[in-house]
>>> print(open('target18.txt').read())   # compact mmCIF, C-alpha atoms
# COMPACT_ATOMS: atom_id res chain seq x y z
CA MET C 29 -6.76 -75.79 -104.56
CA ASN C 30 -6.51 -77.99 -101.46
CA ARG C 31 -4.52 -77.14 -98.34
CA ARG C 32 -1.45 -79.08 -99.46
CA GLN C 33 -1.30 -77.24 -102.79
CA LEU C 34 -1.84 -73.91 -101.04
CA LEU C 35 1.02 -74.66 -98.66
CA GLN C 36 3.35 -75.52 -101.54
CA THR C 37 2.41 -72.34 -103.40
CA LEU C 38 2.90 -70.09 -100.37
CA SER C 39 6.17 -71.69 -99.33
CA ALA C 40 7.51 -71.34 -102.86
CA GLY C 41 6.61 -67.65 -102.76
CA PHE C 42 8.45 -67.18 -99.48
CA GLY C 43 11.51 -69.00 -100.70
CA TYR C 44 12.86 -72.16 -99.07
CA ALA C 45 15.44 -70.46 -96.86
CA ALA C 46 12.98 -67.93 -95.51
CA PHE C 47 10.37 -70.60 -94.92
CA ALA C 48 12.77 -72.95 -93.16
CA GLY C 49 13.61 -70.23 -90.65
CA ILE C 50 10.04 -69.44 -89.67
CA SER C 51 9.82 -72.11 -86.98
CA THR C 52 12.98 -70.92 -85.20
CA GLN C 53 11.94 -67.27 -85.40
CA ALA C 54 8.45 -67.99 -84.12
CA ALA C 55 9.76 -70.11 -81.25
CA THR C 56 12.15 -67.35 -80.21
CA ALA C 57 9.48 -64.65 -80.28
CA TYR C 58 6.65 -66.62 -78.74
CA ARG C 59 6.01 -67.69 -75.16
CA SER C 60 3.02 -69.93 -74.60
CA PRO C 61 0.35 -68.57 -72.24
CA LEU C 62 0.15 -72.13 -70.90
CA ALA C 63 3.78 -72.11 -69.75
CA PRO C 64 4.13 -72.82 -66.00
CA LYS C 65 3.92 -69.71 -63.81
CA GLN C 66 4.99 -69.05 -60.26
CA PRO C 67 2.13 -69.02 -57.71
CA HIS C 68 1.79 -66.17 -55.22
CA TYR C 69 3.13 -68.40 -52.42
CA ALA C 70 4.10 -72.00 -51.78
CA PRO C 71 1.16 -74.20 -52.85
CA LYS C 72 -0.16 -77.26 -51.08
CA ALA C 73 -1.82 -78.56 -54.28
CA LYS C 74 -0.45 -78.66 -57.82
CA ARG C 75 -3.62 -79.72 -59.61
CA VAL C 76 -7.39 -80.11 -59.18
CA ILE C 77 -9.77 -82.96 -60.00
CA PHE C 78 -13.36 -81.73 -59.72
CA LEU C 79 -16.02 -84.44 -59.50
CA TYR C 80 -19.24 -82.71 -60.53
CA MET C 81 -22.50 -84.45 -59.59
CA GLN C 82 -25.08 -82.82 -61.85
CA GLY C 83 -28.58 -82.50 -60.41
CA ALA C 84 -27.76 -81.86 -56.73
CA PRO C 85 -27.17 -84.94 -54.51
CA SER C 86 -29.12 -85.26 -51.29
CA GLN C 87 -26.74 -84.67 -48.40
CA TYR C 88 -29.04 -86.56 -46.04
CA GLU C 89 -28.46 -89.78 -47.96
CA THR C 90 -24.72 -89.27 -48.53
CA PHE C 91 -22.49 -87.15 -46.24
CA ASP C 92 -24.61 -85.13 -43.78
CA TYR C 93 -25.16 -87.24 -40.67
CA ASN C 94 -27.99 -85.38 -38.95
CA PRO C 95 -29.45 -87.03 -35.81
CA GLU C 96 -31.53 -83.88 -35.25
CA LEU C 97 -33.41 -84.53 -38.49
CA VAL C 98 -33.97 -88.17 -37.54
CA LYS C 99 -35.46 -87.14 -34.21
CA ALA C 100 -37.56 -84.29 -35.62
CA ALA C 101 -38.97 -86.48 -38.39
CA GLU C 102 -40.42 -88.87 -35.84
CA SER C 103 -42.90 -86.24 -34.70
CA SER C 104 -43.41 -84.28 -37.92
CA LYS C 105 -45.28 -85.27 -41.06
CA ASN C 106 -43.48 -82.55 -43.00
CA LEU C 107 -39.96 -83.83 -42.42
CA THR C 108 -38.35 -86.88 -43.99
CA ALA C 109 -35.70 -88.83 -42.12
CA PRO C 110 -32.62 -90.07 -44.00
CA ALA C 111 -33.58 -93.09 -46.08
CA PHE C 112 -30.40 -95.00 -45.23
CA GLU C 113 -28.21 -95.62 -42.22
CA PHE C 114 -24.96 -93.79 -41.59
CA LYS C 115 -21.90 -95.66 -40.36
CA GLN C 116 -18.76 -94.45 -38.64
CA CYS C 117 -15.80 -95.03 -40.91
CA GLY C 118 -12.03 -95.02 -40.57
CA THR C 119 -10.03 -94.17 -37.48
CA SER C 120 -11.56 -90.69 -37.60
CA GLY C 121 -15.06 -92.11 -37.20
CA LEU C 122 -16.62 -89.92 -39.92
CA HIS C 123 -20.26 -90.74 -40.47
CA ILE C 124 -20.89 -91.75 -44.10
CA SER C 125 -23.99 -93.26 -45.68
CA GLU C 126 -24.16 -97.03 -46.03
CA LEU C 127 -24.68 -96.35 -49.76
CA LEU C 128 -20.99 -95.42 -50.03
CA PRO C 129 -19.07 -98.29 -48.43
CA ASN C 130 -15.96 -97.92 -50.61
CA ILE C 131 -15.70 -94.18 -50.02
CA GLY C 132 -16.18 -95.03 -46.34
CA LYS C 133 -12.94 -97.00 -46.53
CA VAL C 134 -11.04 -93.81 -47.44
CA ALA C 135 -12.89 -91.68 -44.88
CA ASP C 136 -9.62 -90.63 -43.24
CA GLU C 137 -8.70 -88.79 -46.45
CA LEU C 138 -11.99 -86.85 -46.65
CA CYS C 139 -12.76 -83.33 -45.51
CA LEU C 140 -16.56 -83.11 -45.38
CA LEU C 141 -18.04 -79.68 -45.99
CA ASN C 142 -21.53 -79.87 -44.49
CA GLY C 143 -22.25 -76.14 -44.39
CA MET C 144 -22.18 -75.24 -48.10
CA VAL C 145 -24.48 -72.48 -49.40
CA THR C 146 -25.13 -70.93 -52.79
CA ASP C 147 -27.36 -68.16 -54.12
CA SER C 148 -29.93 -69.90 -56.34
CA PRO C 149 -32.14 -72.99 -55.96
CA ALA C 150 -32.48 -73.31 -59.76
CA HIS C 151 -30.28 -75.80 -61.58
CA PRO C 152 -29.02 -73.60 -64.47
CA GLN C 153 -28.10 -70.61 -62.31
CA ALA C 154 -26.56 -72.66 -59.51
CA THR C 155 -24.56 -74.78 -61.97
CA ILE C 156 -23.09 -71.73 -63.66
CA GLU C 157 -22.31 -70.10 -60.31
CA LEU C 158 -20.56 -73.24 -59.09
CA HIS C 159 -18.36 -73.24 -62.18
CA THR C 160 -17.80 -69.50 -62.72
CA GLY C 161 -18.69 -67.68 -59.50
CA SER C 162 -21.57 -65.79 -61.15
CA PHE C 163 -24.91 -66.63 -62.71
CA ASN C 164 -25.84 -63.08 -63.74
CA PHE C 165 -22.98 -62.54 -66.18
CA VAL C 166 -20.75 -64.58 -68.46
CA ARG C 167 -17.54 -65.13 -66.53
CA PRO C 168 -14.47 -67.38 -66.88
CA SER C 169 -14.74 -70.82 -65.30
CA MET C 170 -12.74 -71.76 -62.23
CA GLY C 171 -10.64 -74.12 -64.37
CA ALA C 172 -9.82 -71.29 -66.78
CA TRP C 173 -8.84 -69.01 -63.88
CA THR C 174 -6.60 -71.77 -62.48
CA VAL C 175 -4.73 -72.27 -65.75
CA TYR C 176 -4.53 -68.50 -66.26
CA GLY C 177 -2.87 -68.20 -62.85
CA LEU C 178 -0.55 -71.21 -62.99
CA GLY C 179 -0.17 -72.36 -66.57
CA THR C 180 0.29 -76.10 -66.92
CA ASP C 181 3.17 -78.56 -66.59
CA ASN C 182 2.70 -80.51 -69.83
CA GLN C 183 2.90 -78.28 -72.90
CA ASP C 184 1.68 -81.12 -75.14
CA LEU C 185 -1.71 -81.30 -73.42
CA PRO C 186 -4.43 -78.77 -72.57
CA GLY C 187 -4.17 -77.23 -69.13
CA TYR C 188 -7.86 -77.85 -68.50
CA ILE C 189 -9.79 -80.93 -69.65
CA THR C 190 -13.44 -81.63 -68.90
CA ILE C 191 -14.55 -85.24 -69.37
CA ASN C 192 -18.16 -85.80 -70.47
CA PRO C 193 -19.22 -82.23 -69.59
CA ASN C 194 -22.70 -82.24 -68.11
CA GLY C 195 -24.73 -79.36 -66.80
CA LEU C 196 -27.31 -76.78 -67.79
CA GLY C 197 -24.67 -74.09 -68.27
CA GLY C 198 -23.27 -75.85 -71.33
CA SER C 199 -19.88 -74.66 -72.57
CA GLN C 200 -20.09 -71.68 -70.21
CA ASN C 201 -19.22 -74.11 -67.40
CA TYR C 202 -15.74 -74.63 -68.84
CA GLY C 203 -15.34 -71.49 -70.95
CA SER C 204 -12.78 -68.71 -70.63
CA ALA C 205 -15.16 -65.76 -71.29
CA PHE C 206 -12.95 -62.65 -71.51
CA LEU C 207 -9.76 -64.51 -70.59
CA PRO C 208 -7.67 -65.56 -73.62
CA ALA C 209 -9.13 -68.61 -75.32
CA ALA C 210 -6.05 -70.70 -74.49
CA PHE C 211 -7.35 -71.08 -70.93
CA GLN C 212 -10.76 -72.59 -71.71
CA GLY C 213 -11.51 -76.24 -71.02
CA THR C 214 -11.09 -78.91 -73.69
CA PRO C 215 -14.07 -81.31 -73.70
CA TYR C 216 -13.50 -85.04 -74.07
CA LEU C 217 -16.36 -87.52 -74.57
CA THR C 218 -15.60 -91.06 -73.50
CA ARG C 219 -18.29 -92.48 -75.78
CA THR C 220 -16.32 -91.37 -78.86
CA GLY C 221 -13.00 -92.39 -77.36
CA LYS C 222 -11.08 -89.42 -78.74
CA LEU C 223 -10.85 -85.66 -78.72
CA PRO C 224 -12.60 -84.05 -81.69
CA ASN C 225 -10.48 -83.23 -84.75
CA ILE C 226 -7.30 -84.56 -83.16
CA SER C 227 -5.90 -85.97 -86.41
CA ASN C 228 -5.22 -84.46 -89.82
CA PRO C 229 -6.00 -86.99 -92.58
CA GLU C 230 -4.89 -84.66 -95.38
CA MET C 231 -1.26 -84.03 -94.45
CA LYS C 232 1.78 -85.80 -93.15
CA THR C 233 3.31 -84.52 -89.92
CA ASP C 234 6.21 -82.64 -91.55
CA GLU C 235 3.91 -80.96 -94.06
CA GLN C 236 1.50 -79.94 -91.34
CA ARG C 237 4.38 -78.52 -89.29
CA LYS C 238 5.40 -76.34 -92.23
CA GLN C 239 1.83 -75.18 -92.73
CA ILE C 240 1.47 -74.21 -89.07
CA ASP C 241 4.84 -72.40 -89.10
CA LEU C 242 3.72 -70.33 -92.06
CA ILE C 243 0.38 -69.45 -90.47
CA GLN C 244 2.04 -68.65 -87.16
CA SER C 245 4.51 -66.28 -88.82
CA LEU C 246 1.59 -64.36 -90.31
CA ASN C 247 -0.13 -64.31 -86.92
CA GLN C 248 3.05 -63.05 -85.26
CA ASP C 249 3.39 -60.26 -87.82
CA TYR C 250 -0.16 -59.18 -87.09
CA LEU C 251 0.40 -59.40 -83.34
CA LYS C 252 3.46 -57.13 -83.56
CA LYS C 253 1.34 -54.48 -85.26
CA ALA C 254 -1.56 -54.90 -82.83
CA THR C 255 0.80 -55.02 -79.79
CA THR C 256 -1.71 -57.11 -77.85
CA ASP C 257 -4.71 -59.15 -78.93
CA PRO C 258 -6.01 -61.95 -76.68
CA GLU C 259 -7.88 -63.57 -79.57
CA ILE C 260 -4.74 -63.81 -81.71
CA ASP C 261 -2.81 -65.11 -78.69
CA GLY C 262 -5.46 -67.80 -78.35
CA VAL C 263 -5.29 -68.70 -82.04
CA ILE C 264 -1.49 -68.98 -81.95
CA GLU C 265 -1.58 -71.25 -78.89
CA THR C 266 -4.43 -73.34 -80.31
CA TYR C 267 -2.49 -74.14 -83.50
CA GLU C 268 0.63 -75.10 -81.58
CA LEU C 269 -1.16 -77.10 -78.92
CA ALA C 270 -3.34 -78.94 -81.43
CA PHE C 271 -0.25 -80.01 -83.35
CA ARG C 272 1.55 -81.27 -80.24
CA MET C 273 -1.59 -83.02 -78.98
CA GLN C 274 -1.75 -85.27 -82.04
CA SER C 275 1.13 -87.34 -80.72
CA ALA C 276 0.60 -86.88 -76.96
CA VAL C 277 -3.15 -87.38 -76.52
CA PRO C 278 -3.68 -90.93 -77.89
CA GLY C 279 -1.28 -92.38 -75.33
CA ILE C 280 -2.91 -90.58 -72.38
CA LEU C 281 -6.39 -91.72 -73.40
CA ASP C 282 -5.41 -95.36 -73.90
CA ILE C 283 -6.43 -97.04 -70.65
CA GLY C 284 -5.79 -100.40 -72.29
CA LYS C 285 -2.18 -100.02 -71.17
CA GLU C 286 -3.27 -100.08 -67.53
CA PRO C 287 -2.77 -103.36 -65.60
CA ASP C 288 -5.90 -105.46 -65.21
CA HIS C 289 -5.89 -105.08 -61.42
CA ILE C 290 -5.99 -101.28 -61.76
CA LYS C 291 -8.90 -101.38 -64.20
CA LYS C 292 -10.70 -103.77 -61.87
CA MET C 293 -10.04 -101.47 -58.91
CA TYR C 294 -11.79 -98.60 -60.74
CA GLY C 295 -14.72 -100.84 -61.72
CA VAL C 296 -14.03 -100.64 -65.46
CA ASP C 297 -14.92 -104.33 -65.77
CA THR C 298 -18.41 -103.92 -64.25
CA ALA C 299 -21.40 -102.49 -66.10
CA ALA C 300 -22.67 -100.25 -63.27
CA THR C 301 -19.33 -98.58 -62.61
CA ARG C 302 -17.71 -98.76 -66.05
CA GLN C 303 -18.56 -95.29 -67.34
CA PHE C 304 -17.54 -93.30 -64.28
CA GLY C 305 -14.69 -95.71 -63.61
CA ILE C 306 -13.22 -94.86 -67.01
CA GLN C 307 -13.53 -91.15 -66.20
CA CYS C 308 -11.76 -91.55 -62.87
CA LEU C 309 -8.97 -93.65 -64.37
CA LEU C 310 -8.50 -91.11 -67.16
CA ALA C 311 -8.38 -88.34 -64.55
CA ARG C 312 -5.52 -90.09 -62.77
CA ARG C 313 -3.65 -90.54 -66.06
CA MET C 314 -4.17 -86.88 -66.98
CA ALA C 315 -3.08 -85.71 -63.54
CA GLU C 316 0.01 -87.91 -63.81
CA ALA C 317 0.74 -86.41 -67.23
CA GLY C 318 0.65 -82.85 -65.91
CA VAL C 319 -2.85 -81.54 -66.70
CA ARG C 320 -3.61 -78.73 -64.25
CA PHE C 321 -7.42 -78.89 -63.92
CA ILE C 322 -9.58 -81.92 -64.68
CA GLU C 323 -13.35 -82.09 -64.35
CA LEU C 324 -15.46 -85.25 -64.41
CA SER C 325 -19.25 -85.28 -64.61
CA HIS C 326 -21.93 -87.66 -63.40
CA GLY C 327 -25.61 -86.92 -63.89
CA ASN C 328 -29.09 -87.97 -62.73
CA TRP C 329 -28.93 -86.66 -59.14
CA ASP C 330 -32.17 -84.66 -59.34
CA HIS C 331 -34.19 -86.95 -57.09
CA HIS C 332 -37.60 -85.37 -56.67
CA ALA C 333 -39.20 -88.83 -56.75
CA ASN C 334 -38.13 -92.47 -56.34
CA LEU C 335 -35.30 -91.22 -54.14
CA ARG C 336 -34.52 -94.55 -52.49
CA GLN C 337 -34.19 -96.46 -55.74
CA ARG C 338 -32.50 -93.76 -57.80
CA ILE C 339 -29.91 -92.63 -55.25
CA ARG C 340 -28.96 -96.24 -54.64
CA GLN C 341 -28.22 -96.45 -58.36
CA THR C 342 -26.28 -93.18 -58.65
CA THR C 343 -24.16 -93.76 -55.54
CA GLY C 344 -23.49 -97.29 -56.77
CA GLU C 345 -22.10 -95.88 -60.01
CA ILE C 346 -19.60 -93.53 -58.33
CA ASP C 347 -18.67 -95.19 -55.02
CA GLN C 348 -16.04 -97.66 -56.22
CA PRO C 349 -14.44 -95.40 -58.88
CA ILE C 350 -14.00 -92.43 -56.53
CA ALA C 351 -12.55 -94.58 -53.76
CA ALA C 352 -10.19 -96.12 -56.33
CA LEU C 353 -9.10 -92.68 -57.55
CA ILE C 354 -8.23 -91.59 -54.00
CA GLN C 355 -6.41 -94.85 -53.23
CA ASP C 356 -4.55 -94.86 -56.54
CA LEU C 357 -3.35 -91.27 -56.16
CA LYS C 358 -2.23 -92.01 -52.62
CA GLN C 359 -0.26 -95.12 -53.58
CA ARG C 360 1.48 -93.04 -56.28
CA ASP C 361 2.29 -90.33 -53.72
CA MET C 362 0.12 -87.87 -55.68
CA LEU C 363 -2.83 -87.36 -53.34
CA LYS C 364 -0.86 -84.96 -51.15
CA ASP C 365 -0.65 -82.42 -53.99
CA THR C 366 -3.85 -83.28 -55.89
CA LEU C 367 -6.95 -81.49 -54.65
CA ILE C 368 -10.10 -83.56 -55.19
CA VAL C 369 -13.41 -81.71 -54.92
CA TRP C 370 -16.78 -83.53 -55.00
CA GLY C 371 -20.24 -82.00 -55.14
CA GLY C 372 -23.26 -80.73 -57.03
CA GLU C 373 -24.81 -77.32 -57.59
CA PHE C 374 -26.83 -77.42 -54.33
CA GLY C 375 -28.46 -79.95 -52.02
CA ARG C 376 -31.85 -81.20 -50.85
CA THR C 377 -34.51 -80.25 -48.33
CA THR C 378 -35.26 -81.82 -44.96
CA ASN C 379 -38.94 -81.99 -45.87
CA GLY C 380 -40.03 -84.64 -48.31
CA GLN C 381 -41.51 -84.26 -51.76
CA GLY C 382 -44.28 -86.76 -52.18
CA ASN C 383 -43.63 -90.06 -50.46
CA ASP C 384 -40.12 -90.59 -51.77
CA GLY C 385 -38.18 -87.48 -52.81
CA ARG C 386 -36.59 -84.20 -51.76
CA ASN C 387 -36.79 -80.70 -53.22
CA HIS C 388 -34.01 -78.17 -53.95
CA ASN C 389 -32.05 -76.61 -51.09
CA ASN C 390 -29.41 -73.95 -51.71
CA ARG C 391 -29.32 -72.81 -48.05
CA GLY C 392 -27.33 -75.82 -46.84
CA PHE C 393 -25.71 -78.80 -48.56
CA SER C 394 -22.61 -81.00 -48.58
CA MET C 395 -19.46 -81.28 -50.63
CA PHE C 396 -16.13 -82.90 -49.82
CA MET C 397 -12.46 -82.34 -50.52
CA ALA C 398 -9.59 -84.78 -50.31
CA GLY C 399 -5.81 -84.47 -50.63
CA GLY C 400 -4.19 -81.24 -51.75
CA GLY C 401 -3.49 -79.89 -48.27
CA VAL C 402 -6.90 -80.24 -46.58
CA LYS C 403 -7.55 -81.99 -43.28
CA GLY C 404 -8.40 -85.66 -43.64
CA GLY C 405 -11.00 -87.44 -41.54
CA TYR C 406 -12.54 -84.07 -40.74
CA ARG C 407 -16.10 -82.76 -40.74
CA HIS C 408 -16.64 -79.04 -41.15
CA GLY C 409 -20.03 -77.39 -40.76
CA ALA C 410 -23.57 -78.54 -40.09
CA THR C 411 -27.16 -77.93 -41.18
CA ASP C 412 -30.27 -77.34 -39.10
CA GLY C 413 -32.29 -80.54 -38.81
CA MET C 414 -35.56 -78.68 -39.12
CA ASN C 415 -35.10 -76.29 -42.07
CA GLY C 416 -31.90 -77.57 -43.68
CA SER C 417 -30.03 -74.25 -43.50
CA ALA C 418 -26.31 -74.15 -42.78
CA ILE C 419 -25.84 -73.16 -39.14
CA ASP C 420 -22.14 -73.81 -38.61
CA GLY C 421 -19.02 -73.74 -40.77
CA LYS C 422 -20.86 -71.93 -43.55
CA ILE C 423 -18.95 -71.91 -46.85
CA HIS C 424 -20.37 -69.94 -49.78
CA ILE C 425 -19.38 -70.84 -53.35
CA HIS C 426 -17.16 -67.73 -53.38
CA ASP C 427 -15.42 -69.07 -50.26
CA LEU C 428 -15.00 -72.47 -51.92
CA HIS C 429 -13.30 -70.85 -54.91
CA ALA C 430 -11.10 -68.69 -52.69
CA THR C 431 -10.04 -71.78 -50.73
CA MET C 432 -9.31 -73.83 -53.84
CA LEU C 433 -7.11 -71.06 -55.23
CA HIS C 434 -5.40 -70.65 -51.85
CA LEU C 435 -4.48 -74.34 -51.79
CA LEU C 436 -3.00 -73.90 -55.27
CA GLY C 437 -0.83 -71.06 -53.99
CA LEU C 438 -2.96 -68.27 -55.49
CA ASP C 439 -4.35 -65.27 -53.63
CA HIS C 440 -7.88 -64.90 -54.98
CA THR C 441 -7.78 -61.13 -54.46
CA LYS C 442 -4.62 -60.82 -56.59
CA LEU C 443 -5.57 -63.22 -59.38
CA THR C 444 -7.18 -60.56 -61.58
CA TYR C 445 -7.66 -59.76 -65.24
CA ARG C 446 -8.39 -56.29 -66.59
CA TYR C 447 -11.36 -56.22 -68.93
CA GLY C 448 -13.60 -53.33 -69.88
CA GLY C 449 -11.72 -50.98 -67.60
CA ARG C 450 -12.14 -53.13 -64.49
CA ASP C 451 -10.05 -55.77 -62.72
CA PHE C 452 -12.11 -58.97 -62.53
CA ARG C 453 -11.49 -62.06 -60.40
CA LEU C 454 -13.13 -65.45 -59.85
CA THR C 455 -14.56 -64.41 -56.47
CA ASP C 456 -15.71 -60.94 -57.65
CA VAL C 457 -15.59 -58.80 -54.46
CA HIS C 458 -16.30 -61.74 -52.13
CA GLY C 459 -14.60 -64.87 -50.84
CA ILE C 460 -13.06 -65.90 -47.52
CA VAL C 461 -10.52 -68.71 -47.36
CA ALA C 462 -11.81 -71.54 -45.13
CA LYS C 463 -8.61 -71.83 -43.10
CA ASP C 464 -10.16 -74.26 -40.61
CA ILE C 465 -10.14 -77.06 -43.22
CA ILE C 466 -6.50 -76.61 -44.23
CA ALA C 467 -4.04 -79.11 -42.78
>>> encode(input="target18.txt", output="structure tokens")
Amino acid sequence: MNRRQLLQTLSAGFGYAAFAGISTQAATAYRSPLAPKQPHYAPKAKRVIFLYMQGAPSQYETFDYNPELVKAAESSKNLTAPAFEFKQCGTSGLHISELLPNIGKVADELCLLNGMVTDSPAHPQATIELHTGSFNFVRPSMGAWTVYGLGTDNQDLPGYITINPNGLGGSQNYGSAFLPAAFQGTPYLTRTGKLPNISNPEMKTDEQRKQIDLIQSLNQDYLKKATTDPEIDGVIETYELAFRMQSAVPGILDIGKEPDHIKKMYGVDTAATRQFGIQCLLARRMAEAGVRFIELSHGNWDHHANLRQRIRQTTGEIDQPIAALIQDLKQRDMLKDTLIVWGGEFGRTTNGQGNDGRNHNNRGFSMFMAGGGVKGGYRHGATDGMNGSAIDGKIHIHDLHATMLHLLGLDHTKLTYRYGGRDFRLTDVHGIVAKDIIA
């Protein structure tokens, strides 16, 4: 017996009148966990776009202008001066590497964080900590916490989408752990051009709606008996969301509807920038459609050797698309309430590795924010030119998470979830909001 025959048999057993009323009854009794929620206080940002650079970009070839390192390297064989020149950009005069000329054009929108620190110099642990706040235990991702705290504006789309997820933490980087499954990230791979299992080839829409209504009524009956069950809550929301997504998702993912000048602005028409350009353009479309948390990934930043050649390639792949994303959001009046966060799991050392490379450095590295209520054209923090440690404006990953939540109108100490007899939060027992970077 196939699913269609099973549906017909079950619906006949229920009786037509009873079956027809299931949808109304379920809708009355059920409130989606993804429904929009009130923040703790007035937010500056409504959504987040996280640009994850897997492999740990070298700050000394991107955003950390460090004359002290240049001077010290002249008299030390152990230190390696920046491989490329830095130029002052915008009216703010921020120093940005010559490798990023397009991002340099939007320098007045950037808030450089040059004093970042994290706990581990190993890629897997640092990646998981960046995404979840912990590398010792399985914890919900920052995207899952965000959607748990705020819900999402578009009920026909996931609250959290991760495009081309990349990183040694795997699905843990966008998982919900002990939070209900409805809050986990939905992965989307641009190479396939569609979300997995988004269509149902066996049933027409009206038949599938009846099938889901029947299943949901059984789930609701079970939930009433169990009183509360996060797994059943997740199942109920997954069925409903998957059904709604079948009509909503194809339109959001179709960048062919974009004007040619917009696709050109993102670099979609050029081989080097096409892949990340598509991600950035999709991120803007998803943000415009009401997705709460969007993550993009770009790999190959682990430059232990051939630094000059390889970082020229990787920066060339992201420079135009990121600048376009910032400009596009601004021209649509969306940058002011969209928080963009760029960075990798850690940074690179002041001393060289071989003749052309840098090793891991978790004691000091760079990230940047833009939009969403942060100061533009502003540099916060600095690293020591000799040992690469953050010496000013230090921001730990816990502080980064606390600040991101603060900008979204969430108090990181109050955004908790009781599990195993304890109230958990993204920042654990840590986290200080970096108020100096807030506009």
>>> atom_distance(input="target18.txt", atom1="atom CA of Gly171 of chain C", atom2="atom CA of Thr377 of chain C")
29.4 Å
>>> atom_distance(input="target18.txt", atom1="atom CA of His426 of chain C", atom2="atom CA of Leu454 of chain C")
8.0 Å
>>> closest_residue(input="target18.txt", among="C:Asn142, C:Asn383, C:Thr298, C:Thr431", to="Val402 of chain C", atoms="all atoms listed in the file")
C:Thr431
>>> closest_residue(input="target18.txt", among="C:Ile346, C:Leu428, C:Val76, C:Met414", to="Ser103 of chain C", atoms="only C-alpha atoms")
C:Met414
>>> axis_aligned_box(input="target18.txt", around="segment 281-294 of chain C", padding_each_side="8 Å", output="lines of an AutoDock Vina configuration file")
center_x = -7.0
center_y = -98.6
center_z = -66.4
size_x = 25.6
size_y = 29.7
size_z = 31.0
>>> atom_distance(input="target18.txt", atom1="atom CA of Tyr176 of chain C", atom2="atom CA of Leu207 of chain C")
7.9 Å
>>> residues_around(input="target18.txt", residues="Asp456 of chain C", least_positions_apart="4", cutoff="9 Å", atoms="all atoms listed in the file", output="number ranges by chain")
C: 161-162, 426, 441, 452
>>> residues_around(input="target18.txt", residues="segment 105-112 of chain C", least_positions_apart="2", cutoff="10 Å", atoms="all atoms listed in the file", output="PyMOL selection string")
chain C and resi 86-90+92-103+114-115+125-127+335-336+339-340+377-381+383-386+413-415
>>> residues_around(input="target18.txt", residues="Asp439 of chain C", least_positions_apart="4", cutoff="10 Å", atoms="only C-alpha atoms", output="list of chain:residue names")
C:Pro67, C:His68, C:Tyr69, C:Gly177, C:Ala430, C:Thr431, C:Met432, C:Leu433, C:His434, C:Leu435, C:Leu443, C:Thr444, C:Val461
>>> write_last_selection(input="target18.txt", atoms="C-alpha atoms", output="short mmCIF file (atom, residue, chain, number, x, y, z; two decimals), in the frame of the given file")
data_model
loop_
_atom_site.label_atom_id
_atom_site.label_comp_id
_atom_site.auth_asym_id
_atom_site.auth_seq_id
_atom_site.Cartn_x
_atom_site.Cartn_y
_atom_site.Cartn_z
CA PRO C 67 2.13 -69.02 -57.71
CA HIS C 68 1.79 -66.17 -55.22
CA TYR C 69 3.13 -68.40 -52.42
CA GLY C 177 -2.87 -68.20 -62.85
CA ALA C 430 -11.10 -68.69 -52.69
CA THR C 431 -10.04 -71.78 -50.73
CA MET C 432 -9.31 -73.83 -53.84
CA LEU C 433 -7.11 -71.06 -55.23
CA HIS C 434 -5.40 -70.65 -51.85
CA LEU C 435 -4.48 -74.34 -51.79
CA LEU C 443 -5.57 -63.22 -59.38
CA THR C 444 -7.18 -60.56 -61.58
CA VAL C 461 -10.52 -68.71 -47.36
#
>>> closest_residue(input="target18.txt", among="C:Asp330, C:Asp365, C:Asp464, C:Asp347", to="Lys133 of chain C", atoms="all atoms listed in the file")
C:Asp347
>>> closest_residue(input="target18.txt", among="C:Gln82, C:Thr342, C:Gln116, C:Asn390", to="Gln303 of chain C", atoms="all atoms listed in the file")
C:Thr342
